[in-house]
file work-v4.csv (CSV, N, CA and C atoms)
chain,number,residue,atom,x,y,z
K,1,GLN,N,104.0,94.0,80.6
K,1,GLN,CA,102.7,94.3,81.3
K,1,GLN,C,103.1,94.7,82.7
K,2,VAL,N,102.4,95.7,83.2
K,2,VAL,CA,102.6,96.1,84.6
K,2,VAL,C,101.2,96.2,85.3
K,3,GLN,N,101.1,95.7,86.4
K,3,GLN,CA,99.9,95.9,87.2
K,3,GLN,C,100.3,96.8,88.4
K,4,LEU,N,99.4,97.7,88.7
K,4,LEU,CA,99.6,98.7,89.8
K,4,LEU,C,98.5,98.6,90.8
K,5,VAL,N,98.9,98.6,92.1
K,5,VAL,CA,97.9,98.5,93.2
K,5,VAL,C,98.2,99.6,94.2
K,6,GLU,N,97.3,100.5,94.3
K,6,GLU,CA,97.4,101.6,95.3
K,6,GLU,C,96.9,101.2,96.6
K,7,SER,N,97.5,101.9,97.7
K,7,SER,CA,97.0,101.7,99.0
K,7,SER,C,97.3,103.0,99.8
K,8,GLY,N,96.8,103.1,101.0
K,8,GLY,CA,97.1,104.2,101.9
K,8,GLY,C,96.1,105.3,102.0
K,9,GLY,N,95.1,105.3,101.2
K,9,GLY,CA,94.1,106.3,101.2
K,9,GLY,C,93.2,106.2,102.5
K,10,GLY,N,92.4,107.2,102.7
K,10,GLY,CA,91.6,107.2,103.9
K,10,GLY,C,91.0,108.6,104.2
K,11,LEU,N,90.4,108.7,105.4
K,11,LEU,CA,89.8,109.9,105.8
K,11,LEU,C,90.8,110.6,106.8
K,12,VAL,N,91.0,111.9,106.6
K,12,VAL,CA,91.9,112.6,107.4
K,12,VAL,C,91.4,114.1,107.6
K,13,GLN,N,91.7,114.7,108.7
K,13,GLN,CA,91.3,116.1,108.9
K,13,GLN,C,92.3,117.0,108.2
K,14,ALA,N,91.8,118.2,107.8
K,14,ALA,CA,92.6,119.2,107.2
K,14,ALA,C,93.8,119.5,108.1
K,15,GLY,N,95.0,119.6,107.4
K,15,GLY,CA,96.2,119.7,108.0
K,15,GLY,C,97.0,118.5,108.3
K,16,GLY,N,96.3,117.3,108.2
K,16,GLY,CA,96.9,116.0,108.4
K,16,GLY,C,97.7,115.5,107.3
K,17,SER,N,98.2,114.3,107.4
K,17,SER,CA,99.1,113.7,106.4
K,17,SER,C,98.6,112.3,106.1
K,18,LEU,N,98.9,111.9,104.9
K,18,LEU,CA,98.7,110.5,104.4
K,18,LEU,C,99.9,110.1,103.5
K,19,ARG,N,100.2,108.9,103.5
K,19,ARG,CA,101.2,108.4,102.5
K,19,ARG,C,100.6,107.3,101.6
K,20,LEU,N,100.5,107.6,100.4
K,20,LEU,CA,100.0,106.7,99.4
K,20,LEU,C,101.1,105.8,98.9
K,21,SER,N,100.8,104.5,98.7
K,21,SER,CA,101.8,103.6,98.1
K,21,SER,C,101.2,103.0,96.9
K,22,CYS,N,102.1,102.6,95.9
K,22,CYS,CA,101.7,102.0,94.7
K,22,CYS,C,102.7,100.8,94.5
K,23,ALA,N,102.2,99.6,94.5
K,23,ALA,CA,103.0,98.4,94.3
K,23,ALA,C,102.8,98.0,92.8
K,24,ALA,N,104.0,97.8,92.2
K,24,ALA,CA,104.0,97.5,90.7
K,24,ALA,C,104.5,96.0,90.6
K,25,SER,N,103.8,95.3,89.7
K,25,SER,CA,104.3,94.0,89.3
K,25,SER,C,105.3,94.0,88.2
K,26,GLY,N,105.9,92.9,87.9
K,26,GLY,CA,106.8,92.9,86.8
K,26,GLY,C,108.3,93.1,87.2
K,27,ARG,N,109.2,92.7,86.3
K,27,ARG,CA,110.6,92.7,86.6
K,27,ARG,C,111.3,93.9,86.1
K,28,THR,N,110.6,94.8,85.3
K,28,THR,CA,111.3,95.9,84.7
K,28,THR,C,110.7,97.2,85.2
K,29,PHE,N,110.4,97.3,86.5
K,29,PHE,CA,109.8,98.5,87.0
K,29,PHE,C,110.7,99.7,86.8
K,30,SER,N,112.0,99.5,86.8
K,30,SER,CA,112.9,100.7,86.6
K,30,SER,C,112.9,101.2,85.2
K,31,ASN,N,112.2,100.6,84.3
K,31,ASN,CA,112.1,101.1,82.9
K,31,ASN,C,110.9,102.0,82.8
K,32,TYR,N,110.2,102.2,83.9
K,32,TYR,CA,108.9,103.0,83.8
K,32,TYR,C,109.1,104.3,84.6
K,33,ALA,N,108.7,105.4,83.9
K,33,ALA,CA,108.4,106.6,84.7
K,33,ALA,C,107.1,106.5,85.3
K,34,MET,N,106.9,107.1,86.5
K,34,MET,CA,105.7,106.9,87.3
K,34,MET,C,105.0,108.3,87.6
K,35,GLY,N,103.7,108.2,87.8
K,35,GLY,CA,103.0,109.4,88.1
K,35,GLY,C,101.8,109.2,89.0
K,36,TRP,N,101.4,110.2,89.7
K,36,TRP,CA,100.1,110.2,90.4
K,36,TRP,C,99.2,111.2,89.8
K,37,PHE,N,97.9,110.8,89.7
K,37,PHE,CA,96.9,111.6,89.2
K,37,PHE,C,95.7,111.5,90.3
K,38,ARG,N,94.8,112.4,90.2
K,38,ARG,CA,93.6,112.4,91.0
K,38,ARG,C,92.4,112.8,90.3
K,39,GLN,N,91.2,112.4,90.7
K,39,GLN,CA,90.0,112.8,90.1
K,39,GLN,C,88.9,113.0,91.2
K,40,ALA,N,88.4,114.2,91.3
K,40,ALA,CA,87.4,114.5,92.3
K,40,ALA,C,86.0,114.4,91.6
K,41,PRO,N,85.0,114.2,92.4
K,41,PRO,CA,83.6,114.0,91.8
K,41,PRO,C,83.3,115.1,90.9
K,42,GLY,N,82.8,114.8,89.7
K,42,GLY,CA,82.4,115.8,88.7
K,42,GLY,C,83.5,116.5,88.0
K,43,LYS,N,84.7,116.1,88.3
K,43,LYS,CA,85.9,116.8,87.7
K,43,LYS,C,86.7,115.9,86.8
K,44,GLU,N,87.5,116.4,85.9
K,44,GLU,CA,88.4,115.6,85.1
K,44,GLU,C,89.6,115.1,85.9
K,45,ARG,N,90.2,114.0,85.5
K,45,ARG,CA,91.4,113.6,86.1
K,45,ARG,C,92.5,114.6,85.9
K,46,GLU,N,93.2,114.9,87.0
K,46,GLU,CA,94.3,115.9,86.9
K,46,GLU,C,95.6,115.3,87.4
K,47,PHE,N,96.7,115.8,86.8
K,47,PHE,CA,98.0,115.4,87.2
K,47,PHE,C,98.4,115.9,88.6
K,48,VAL,N,99.1,115.1,89.4
K,48,VAL,CA,99.5,115.6,90.7
K,48,VAL,C,101.0,115.6,90.8
K,49,ALA,N,101.7,114.5,90.4
K,49,ALA,CA,103.1,114.4,90.6
K,49,ALA,C,103.7,113.4,89.7
K,50,ALA,N,104.9,113.6,89.3
K,50,ALA,CA,105.6,112.6,88.4
K,50,ALA,C,107.0,112.4,88.8
K,51,ILE,N,107.6,111.3,88.5
K,51,ILE,CA,109.0,111.0,88.8
K,51,ILE,C,109.6,110.2,87.7
K,52,SER,N,110.9,110.5,87.4
K,52,SER,CA,111.6,109.8,86.3
K,52,SER,C,112.0,108.4,86.8
K,53,ARG,N,112.5,107.6,85.8
K,53,ARG,CA,112.8,106.2,86.1
K,53,ARG,C,113.7,106.0,87.3
K,54,ARG,N,114.7,106.8,87.5
K,54,ARG,CA,115.6,106.6,88.6
K,54,ARG,C,115.3,107.4,89.8
K,55,GLY,N,114.3,108.3,89.7
K,55,GLY,CA,113.9,109.1,90.8
K,55,GLY,C,114.6,110.4,90.9
K,56,GLY,N,115.5,110.7,90.0
K,56,GLY,CA,116.2,112.0,90.1
K,56,GLY,C,115.5,113.2,89.7
K,57,ASP,N,114.4,113.0,89.0
K,57,ASP,CA,113.7,114.2,88.5
K,57,ASP,C,112.2,114.0,88.8
K,58,THR,N,111.7,115.1,89.4
K,58,THR,CA,110.3,115.1,89.8
K,58,THR,C,109.6,116.4,89.4
K,59,TYR,N,108.3,116.3,89.3
K,59,TYR,CA,107.5,117.5,88.9
K,59,TYR,C,106.1,117.4,89.6
K,60,TYR,N,105.6,118.6,90.0
K,60,TYR,CA,104.4,118.6,90.8
K,60,TYR,C,103.4,119.6,90.2
K,61,LEU,N,102.1,119.3,90.5
K,61,LEU,CA,101.0,120.3,90.3
K,61,LEU,C,101.3,121.5,91.2
K,62,ASP,N,101.1,122.7,90.7
K,62,ASP,CA,101.5,123.9,91.5
K,62,ASP,C,100.8,123.9,92.9
K,63,SER,N,99.6,123.5,92.9
K,63,SER,CA,98.8,123.5,94.2
K,63,SER,C,99.3,122.5,95.3
K,64,VAL,N,100.2,121.6,94.9
K,64,VAL,CA,100.7,120.6,95.9
K,64,VAL,C,102.1,120.8,96.2
K,65,LYS,N,102.8,121.7,95.4
K,65,LYS,CA,104.2,121.9,95.6
K,65,LYS,C,104.5,122.3,97.1
K,66,GLY,N,105.5,121.7,97.7
K,66,GLY,CA,105.8,122.0,99.1
K,66,GLY,C,105.0,121.2,100.1
K,67,ARG,N,103.9,120.6,99.6
K,67,ARG,CA,103.1,119.8,100.5
K,67,ARG,C,103.2,118.3,100.2
K,68,PHE,N,103.3,117.9,98.9
K,68,PHE,CA,103.4,116.5,98.5
K,68,PHE,C,104.8,116.2,98.0
K,69,THR,N,105.2,115.0,98.2
K,69,THR,CA,106.5,114.5,97.8
K,69,THR,C,106.3,113.1,97.1
K,70,ILE,N,106.8,113.0,95.9
K,70,ILE,CA,106.7,111.7,95.2
K,70,ILE,C,108.1,111.1,95.3
K,71,SER,N,108.2,109.7,95.5
K,71,SER,CA,109.4,109.0,95.6
K,71,SER,C,109.2,107.6,95.1
K,72,ARG,N,110.3,106.9,94.9
K,72,ARG,CA,110.2,105.5,94.4
K,72,ARG,C,111.3,104.7,94.9
K,73,ASP,N,111.1,103.4,95.0
K,73,ASP,CA,112.1,102.4,95.4
K,73,ASP,C,112.1,101.4,94.4
K,74,ASN,N,113.0,101.4,93.5
K,74,ASN,CA,113.1,100.5,92.4
K,74,ASN,C,113.4,99.0,92.8
K,75,ALA,N,114.1,98.9,93.9
K,75,ALA,CA,114.4,97.6,94.4
K,75,ALA,C,113.1,96.9,95.0
K,76,LYS,N,112.2,97.7,95.4
K,76,LYS,CA,110.9,97.1,95.9
K,76,LYS,C,109.7,97.3,95.0
K,77,ASN,N,110.0,97.8,93.8
K,77,ASN,CA,108.9,98.1,92.8
K,77,ASN,C,107.8,98.9,93.4
K,78,MET,N,108.1,100.0,94.1
K,78,MET,CA,107.2,100.8,94.8
K,78,MET,C,107.3,102.3,94.4
K,79,VAL,N,106.2,103.0,94.4
K,79,VAL,CA,106.2,104.4,94.3
K,79,VAL,C,105.3,105.0,95.4
K,80,TYR,N,105.7,106.1,95.9
K,80,TYR,CA,105.0,106.7,97.0
K,80,TYR,C,104.6,108.1,96.8
K,81,LEU,N,103.5,108.5,97.5
K,81,LEU,CA,103.2,110.0,97.5
K,81,LEU,C,102.9,110.4,98.9
K,82,GLN,N,103.8,111.1,99.5
K,82,GLN,CA,103.7,111.6,100.8
K,82,GLN,C,102.9,112.9,100.7
K,83,MET,N,101.8,113.0,101.4
K,83,MET,CA,100.9,114.2,101.4
K,83,MET,C,100.8,114.8,102.7
K,84,ASN,N,101.3,116.0,102.9
K,84,ASN,CA,101.3,116.7,104.1
K,84,ASN,C,100.4,118.0,104.0
K,85,SER,N,100.0,118.5,105.1
K,85,SER,CA,99.2,119.7,105.1
K,85,SER,C,98.0,119.6,104.2
K,86,LEU,N,97.3,118.5,104.3
K,86,LEU,CA,96.2,118.2,103.4
K,86,LEU,C,95.0,119.2,103.6
K,87,LYS,N,94.4,119.5,102.5
K,87,LYS,CA,93.3,120.5,102.4
K,87,LYS,C,92.0,119.8,101.9
K,88,PRO,N,90.9,120.3,102.2
K,88,PRO,CA,89.6,119.6,101.7
K,88,PRO,C,89.6,119.5,100.2
K,89,GLU,N,90.3,120.5,99.5
K,89,GLU,CA,90.3,120.4,98.0
K,89,GLU,C,91.2,119.3,97.5
K,90,ASP,N,91.9,118.6,98.3
K,90,ASP,CA,92.7,117.5,97.9
K,90,ASP,C,91.9,116.2,97.9
K,91,THR,N,90.7,116.3,98.3
K,91,THR,CA,89.8,115.1,98.3
K,91,THR,C,89.6,114.6,96.9
K,92,ALA,N,89.8,113.4,96.6
K,92,ALA,CA,89.7,112.8,95.3
K,92,ALA,C,90.1,111.3,95.4
K,93,VAL,N,89.9,110.6,94.3
K,93,VAL,CA,90.4,109.3,94.1
K,93,VAL,C,91.8,109.5,93.5
K,94,TYR,N,92.8,108.9,94.1
K,94,TYR,CA,94.2,109.1,93.6
K,94,TYR,C,94.6,107.8,92.8
K,95,TYR,N,95.2,108.0,91.7
K,95,TYR,CA,95.6,106.9,90.8
K,95,TYR,C,97.1,106.9,90.6
K,96,CYS,N,97.7,105.8,90.6
K,96,CYS,CA,99.1,105.6,90.2
K,96,CYS,C,99.1,105.2,88.7
K,97,ALA,N,100.1,105.7,88.0
K,97,ALA,CA,100.3,105.4,86.6
K,97,ALA,C,101.7,105.1,86.2
K,98,ALA,N,101.9,104.3,85.2
K,98,ALA,CA,103.2,103.9,84.7
K,98,ALA,C,103.4,104.2,83.2
K,99,LYS,N,104.5,104.7,82.9
K,99,LYS,CA,104.8,105.0,81.5
K,99,LYS,C,106.1,104.3,81.1
K,100,GLN,N,106.0,103.4,80.1
K,100,GLN,CA,107.2,102.8,79.6
K,100,GLN,C,108.2,103.9,79.0
K,101,ALA,N,109.4,103.9,79.6
K,101,ALA,CA,110.3,105.0,79.2
K,101,ALA,C,111.7,104.5,79.1
K,102,ALA,N,111.9,103.3,78.5
K,102,ALA,CA,113.2,102.8,78.3
K,102,ALA,C,114.0,103.7,77.4
K,103,GLY,N,115.2,104.1,77.8
K,103,GLY,CA,116.0,105.0,77.0
K,103,GLY,C,115.8,106.4,77.4
K,104,TYR,N,114.9,106.7,78.4
K,104,TYR,CA,114.7,108.1,78.8
K,104,TYR,C,114.9,108.1,80.4
K,105,LEU,N,116.1,108.2,80.8
K,105,LEU,CA,116.3,108.1,82.2
K,105,LEU,C,115.8,109.2,83.1
K,106,ASN,N,115.8,110.4,82.5
K,106,ASN,CA,115.6,111.6,83.3
K,106,ASN,C,114.3,112.3,83.0
K,107,THR,N,113.4,111.6,82.3
K,107,THR,CA,112.2,112.2,81.8
K,107,THR,C,111.0,111.9,82.7
K,108,TYR,N,110.1,112.8,83.0
K,108,TYR,CA,108.9,112.6,83.7
K,108,TYR,C,107.7,113.0,82.7
K,109,TYR,N,106.5,112.6,83.0
K,109,TYR,CA,105.4,112.8,82.2
K,109,TYR,C,104.2,113.3,83.0
K,110,THR,N,103.6,114.3,82.4
K,110,THR,CA,102.5,115.0,83.2
K,110,THR,C,101.1,114.9,82.6
K,111,ARG,N,101.0,114.2,81.4
K,111,ARG,CA,99.7,114.1,80.7
K,111,ARG,C,99.2,112.7,80.9
K,112,ALA,N,97.9,112.6,81.2
K,112,ALA,CA,97.4,111.2,81.4
K,112,ALA,C,97.5,110.3,80.2
K,113,TYR,N,97.3,110.9,79.0
K,113,TYR,CA,97.3,110.0,77.8
K,113,TYR,C,98.7,109.5,77.5
K,114,GLU,N,99.7,110.0,78.2
K,114,GLU,CA,101.1,109.5,78.0
K,114,GLU,C,101.3,108.2,78.7
K,115,TYR,N,100.5,107.9,79.7
K,115,TYR,CA,100.8,106.7,80.5
K,115,TYR,C,100.1,105.5,80.0
K,116,ASP,N,100.8,104.3,80.2
K,116,ASP,CA,100.4,103.1,79.6
K,116,ASP,C,99.6,102.2,80.6
K,117,TYR,N,99.8,102.3,81.9
K,117,TYR,CA,99.1,101.5,82.8
K,117,TYR,C,98.6,102.3,84.0
K,118,TRP,N,97.5,101.9,84.6
K,118,TRP,CA,96.9,102.6,85.7
K,118,TRP,C,96.4,101.6,86.7
K,119,GLY,N,96.5,102.1,88.0
K,119,GLY,CA,95.9,101.3,89.1
K,119,GLY,C,94.4,101.6,89.2
K,120,GLN,N,93.8,101.0,90.2
K,120,GLN,CA,92.4,101.1,90.4
K,120,GLN,C,92.0,102.3,91.2
K,121,GLY,N,92.9,102.9,91.9
K,121,GLY,CA,92.7,104.1,92.6
K,121,GLY,C,92.5,103.9,94.1
K,122,THR,N,92.7,104.9,94.9
K,122,THR,CA,92.5,104.9,96.3
K,122,THR,C,91.9,106.2,96.7
K,123,GLN,N,90.9,106.1,97.6
K,123,GLN,CA,90.1,107.3,97.9
K,123,GLN,C,90.8,108.1,99.1
K,124,VAL,N,91.0,109.4,98.9
K,124,VAL,CA,91.5,110.3,99.9
K,124,VAL,C,90.4,111.3,100.2
K,125,THR,N,90.0,111.4,101.4
K,125,THR,CA,89.0,112.3,101.8
K,125,THR,C,89.5,113.2,103.0
K,126,VAL,N,89.5,114.5,102.8
K,126,VAL,CA,90.0,115.5,103.7
K,126,VAL,C,88.9,116.3,104.3
K,127,SER,N,88.6,116.2,105.6
K,127,SER,CA,87.5,116.9,106.2
K,127,SER,C,88.0,118.2,106.7
K,128,SER,N,87.1,119.2,106.7
K,128,SER,CA,87.4,120.5,107.2
K,128,SER,C,87.1,120.7,108.6

call {"tool": "encode", "arguments": {"input": "work-v4.csv", "output": "structure tokens"}}
result
Amino acid sequence: QVQLVESGGGLVQAGGSLRLSCAASGRTFSNYAMGWFRQAPGKEREFVAAISRRGGDTYYLDSVKGRFTISRDNAKNMVYLQMNSLKPEDTAVYYCAAKQAAGYLNTYYTRAYEYDYWGQGTQVTVSS
């Protein structure tokens, strides 16, 4: 069982930056591939970024490539999403997710149904 708690959301002007953090409980964090998703009002939840168990492989939504960076620190049971050059269309609730991936060191996952555990979300609002 893994519990995930996001933090770092807030209100920022367009062009600004935020760093989201996700703290994971449990002793086997390194067995989980991690991902960030977001959901804007009236829209479906969408994939944002994913990272493999050891952090060597990452993948991004096209619209955030070059602006967002996902990273993880397995020693601290943390995953991060650095968001730069934020745009009003990035406004959403951002969720951290964990996927049990023992045996798959270099795999990342981009579909919400593939993930086993979810955090409660953190609101990101970008003003124009």

call {"tool": "residues_around", "arguments": {"input": "work-v4.csv", "residues": "K:Tyr109", "least_positions_apart": "5", "cutoff": "7 Å", "atoms": "only N, CA and C atoms", "output": "ChimeraX atom specification"}}
result
/K:33-35,49-52,114

call {"tool": "residues_around", "arguments": {"input": "work-v4.csv", "residues": "K:Ala101", "least_positions_apart": "3", "cutoff": "6.5 Å", "atoms": "all atoms listed in the file", "output": "PyMOL selection string"}}
result
chain K and resi 31-33+104-105

call {"tool": "residues_around", "arguments": {"input": "work-v4.csv", "residues": "stretch 88-92 of chain K", "least_positions_apart": "4", "cutoff": "8 Å", "atoms": "only C-alpha atoms", "output": "short mmCIF file (atom, residue, chain, number, x, y, z; two decimals) with N, CA and C atoms, in the frame of the given file"}}
result
data_model
loop_
_atom_site.label_atom_id
_atom_site.label_comp_id
_atom_site.auth_asym_id
_atom_site.auth_seq_id
_atom_site.Cartn_x
_atom_site.Cartn_y
_atom_site.Cartn_z
N ALA K 14 91.80 118.20 107.80
CA ALA K 14 92.60 119.20 107.20
C ALA K 14 93.80 119.50 108.10
N ARG K 38 94.80 112.40 90.20
CA ARG K 38 93.60 112.40 91.00
C ARG K 38 92.40 112.80 90.30
N GLN K 39 91.20 112.40 90.70
CA GLN K 39 90.00 112.80 90.10
C GLN K 39 88.90 113.00 91.20
N ALA K 40 88.40 114.20 91.30
CA ALA K 40 87.40 114.50 92.30
C ALA K 40 86.00 114.40 91.60
N PRO K 41 85.00 114.20 92.40
CA PRO K 41 83.60 114.00 91.80
C PRO K 41 83.30 115.10 90.90
N GLN K 123 90.90 106.10 97.60
CA GLN K 123 90.10 107.30 97.90
C GLN K 123 90.80 108.10 99.10
N VAL K 124 91.00 109.40 98.90
CA VAL K 124 91.50 110.30 99.90
C VAL K 124 90.40 111.30 100.20
N THR K 125 90.00 111.40 101.40
CA THR K 125 89.00 112.30 101.80
C THR K 125 89.50 113.20 103.00
N VAL K 126 89.50 114.50 102.80
CA VAL K 126 90.00 115.50 103.70
C VAL K 126 88.90 116.30 104.30
N SER K 127 88.60 116.20 105.60
CA SER K 127 87.50 116.90 106.20
C SER K 127 88.00 118.20 106.70
N SER K 128 87.10 119.20 106.70
CA SER K 128 87.40 120.50 107.20
C SER K 128 87.10 120.70 108.60
#

call {"tool": "residues_around", "arguments": {"input": "work-v4.csv", "residues": "K:Asp73", "least_positions_apart": "5", "cutoff": "12 Å", "atoms": "only C-alpha atoms", "output": "PyMOL selection string"}}
result
chain K and resi 21-24+29-30+34+51-56+78-81

call {"tool": "atom_distance", "arguments": {"input": "work-v4.csv", "atom1": "atom CA of K:Leu18", "atom2": "atom CA of K:Asp116"}}
result
25.9 Å

call {"tool": "select_by_dssp", "arguments": {"input": "work-v4.csv", "residues": "stretch 19-79 of chain K", "states": "strand (DSSP E or B)", "output": "PyMOL selection string"}}
result
chain K and resi 19-24+32-39+46-51+58-60+68-73+78-79

call {"tool": "atom_distance", "arguments": {"input": "work-v4.csv", "atom1": "atom CA of K:Ala97", "atom2": "atom N of K:Lys43"}}
result
19.0 Å

call {"tool": "atom_distance", "arguments": {"input": "work-v4.csv", "atom1": "atom CA of K:Ala75", "atom2": "atom CA of K:Asp57"}}
result
17.6 Å

call {"tool": "closest_residue", "arguments": {"input": "work-v4.csv", "among": "K:Glu44, K:Cys96, K:Leu11, K:Lys87", "to": "K:Arg72", "atoms": "only C-alpha atoms"}}
result
K:Cys96

call {"tool": "select_by_dssp", "arguments": {"input": "work-v4.csv", "residues": "stretch 43-90 of chain K", "states": "helix (DSSP H, G or I)", "output": "PyMOL selection string"}}
result
chain K and resi 62-64+88-90

call {"tool": "residues_around", "arguments": {"input": "work-v4.csv", "residues": "K:Val48", "least_positions_apart": "5", "cutoff": "7 Å", "atoms": "only C-alpha atoms", "output": "list in words"}}
result
Trp36, Phe37, Arg38, Tyr60 and Leu61 of chain K

call {"tool": "closest_residue", "arguments": {"input": "work-v4.csv", "among": "K:Arg45, K:Val2, K:Gly15, K:Gly10", "to": "K:Arg27", "atoms": "all atoms listed in the file"}}
result
K:Val2

call {"tool": "closest_residue", "arguments": {"input": "work-v4.csv", "among": "K:Gly103, K:Gly16, K:Gly26, K:Gly42", "to": "K:Phe68", "atoms": "only C-alpha atoms"}}
result
K:Gly16

call {"tool": "closest_residue", "arguments": {"input": "work-v4.csv", "among": "K:Val64, K:Leu4, K:Val12, K:Met83", "to": "K:Gln120", "atoms": "only N, CA and C atoms"}}
result
K:Leu4

call {"tool": "closest_residue", "arguments": {"input": "work-v4.csv", "among": "K:Thr122, K:Ser25, K:Asn84, K:Tyr115", "to": "K:Gln100", "atoms": "all atoms listed in the file"}}
result
K:Tyr115

call {"tool": "decode", "arguments": {"input": "work-v4.csv", "residues": "stretch 1-44 of chain K", "atoms": "C-alpha atoms", "output": "mmCIF file, in the first residue's frame"}}
result
data_model
loop_
_atom_site.group_PDB
_atom_site.id
_atom_site.type_symbol
_atom_site.label_atom_id
_atom_site.label_comp_id
_atom_site.auth_asym_id
_atom_site.auth_seq_id
_atom_site.Cartn_x
_atom_site.Cartn_y
_atom_site.Cartn_z
ATOM 1 C CA GLN K 1 0.000 0.000 0.000
ATOM 2 C CA VAL K 2 1.233 3.470 -0.892
ATOM 3 C CA GLN K 3 -0.169 6.777 0.290
ATOM 4 C CA LEU K 4 0.577 9.881 -1.732
ATOM 5 C CA VAL K 5 0.380 13.489 -0.571
ATOM 6 C CA GLU K 6 0.873 16.364 -3.009
ATOM 7 C CA SER K 7 1.948 19.877 -2.109
ATOM 8 C CA GLY K 8 3.264 23.007 -3.761
ATOM 9 C CA GLY K 9 0.246 24.182 -5.699
ATOM 10 C CA GLY K 10 -0.964 27.755 -5.651
ATOM 11 C CA LEU K 11 -1.749 30.877 -7.626
ATOM 12 C CA VAL K 12 0.880 32.170 -10.030
ATOM 13 C CA GLN K 13 0.968 34.650 -12.894
ATOM 14 C CA ALA K 14 1.479 33.494 -16.451
ATOM 15 C CA GLY K 15 5.159 32.961 -17.110
ATOM 16 C CA GLY K 16 5.843 32.037 -13.520
ATOM 17 C CA SER K 17 7.008 28.794 -11.959
ATOM 18 C CA LEU K 18 5.836 26.296 -9.368
ATOM 19 C CA ARG K 19 7.341 23.100 -8.025
ATOM 20 C CA LEU K 20 4.930 20.370 -7.038
ATOM 21 C CA SER K 21 6.025 17.712 -4.589
ATOM 22 C CA CYS K 22 4.553 14.296 -3.875
ATOM 23 C CA ALA K 23 5.479 12.467 -0.699
ATOM 24 C CA ALA K 24 4.982 8.698 -0.742
ATOM 25 C CA SER K 25 4.631 6.421 2.249
ATOM 26 C CA GLY K 26 5.943 2.885 2.395
ATOM 27 C CA ARG K 27 9.326 1.220 2.171
ATOM 28 C CA THR K 28 9.232 0.121 -1.454
ATOM 29 C CA PHE K 29 8.880 3.447 -3.227
ATOM 30 C CA SER K 30 11.593 2.446 -5.690
ATOM 31 C CA ASN K 31 9.323 -0.360 -6.956
ATOM 32 C CA TYR K 32 6.830 2.172 -8.273
ATOM 33 C CA ALA K 33 6.779 4.086 -11.516
ATOM 34 C CA MET K 34 5.307 7.523 -10.900
ATOM 35 C CA GLY K 35 3.206 9.966 -12.834
ATOM 36 C CA TRP K 36 1.543 13.353 -12.702
ATOM 37 C CA PHE K 37 -1.920 13.968 -14.092
ATOM 38 C CA ARG K 38 -4.171 17.007 -14.076
ATOM 39 C CA GLN K 39 -7.859 17.745 -14.315
ATOM 40 C CA ALA K 40 -9.326 21.095 -15.252
ATOM 41 C CA PRO K 41 -12.966 21.997 -14.489
ATOM 42 C CA GLY K 42 -15.316 20.273 -16.899
ATOM 43 C CA LYS K 43 -12.531 18.247 -18.479
ATOM 44 C CA GLU K 44 -11.269 14.713 -18.168
#
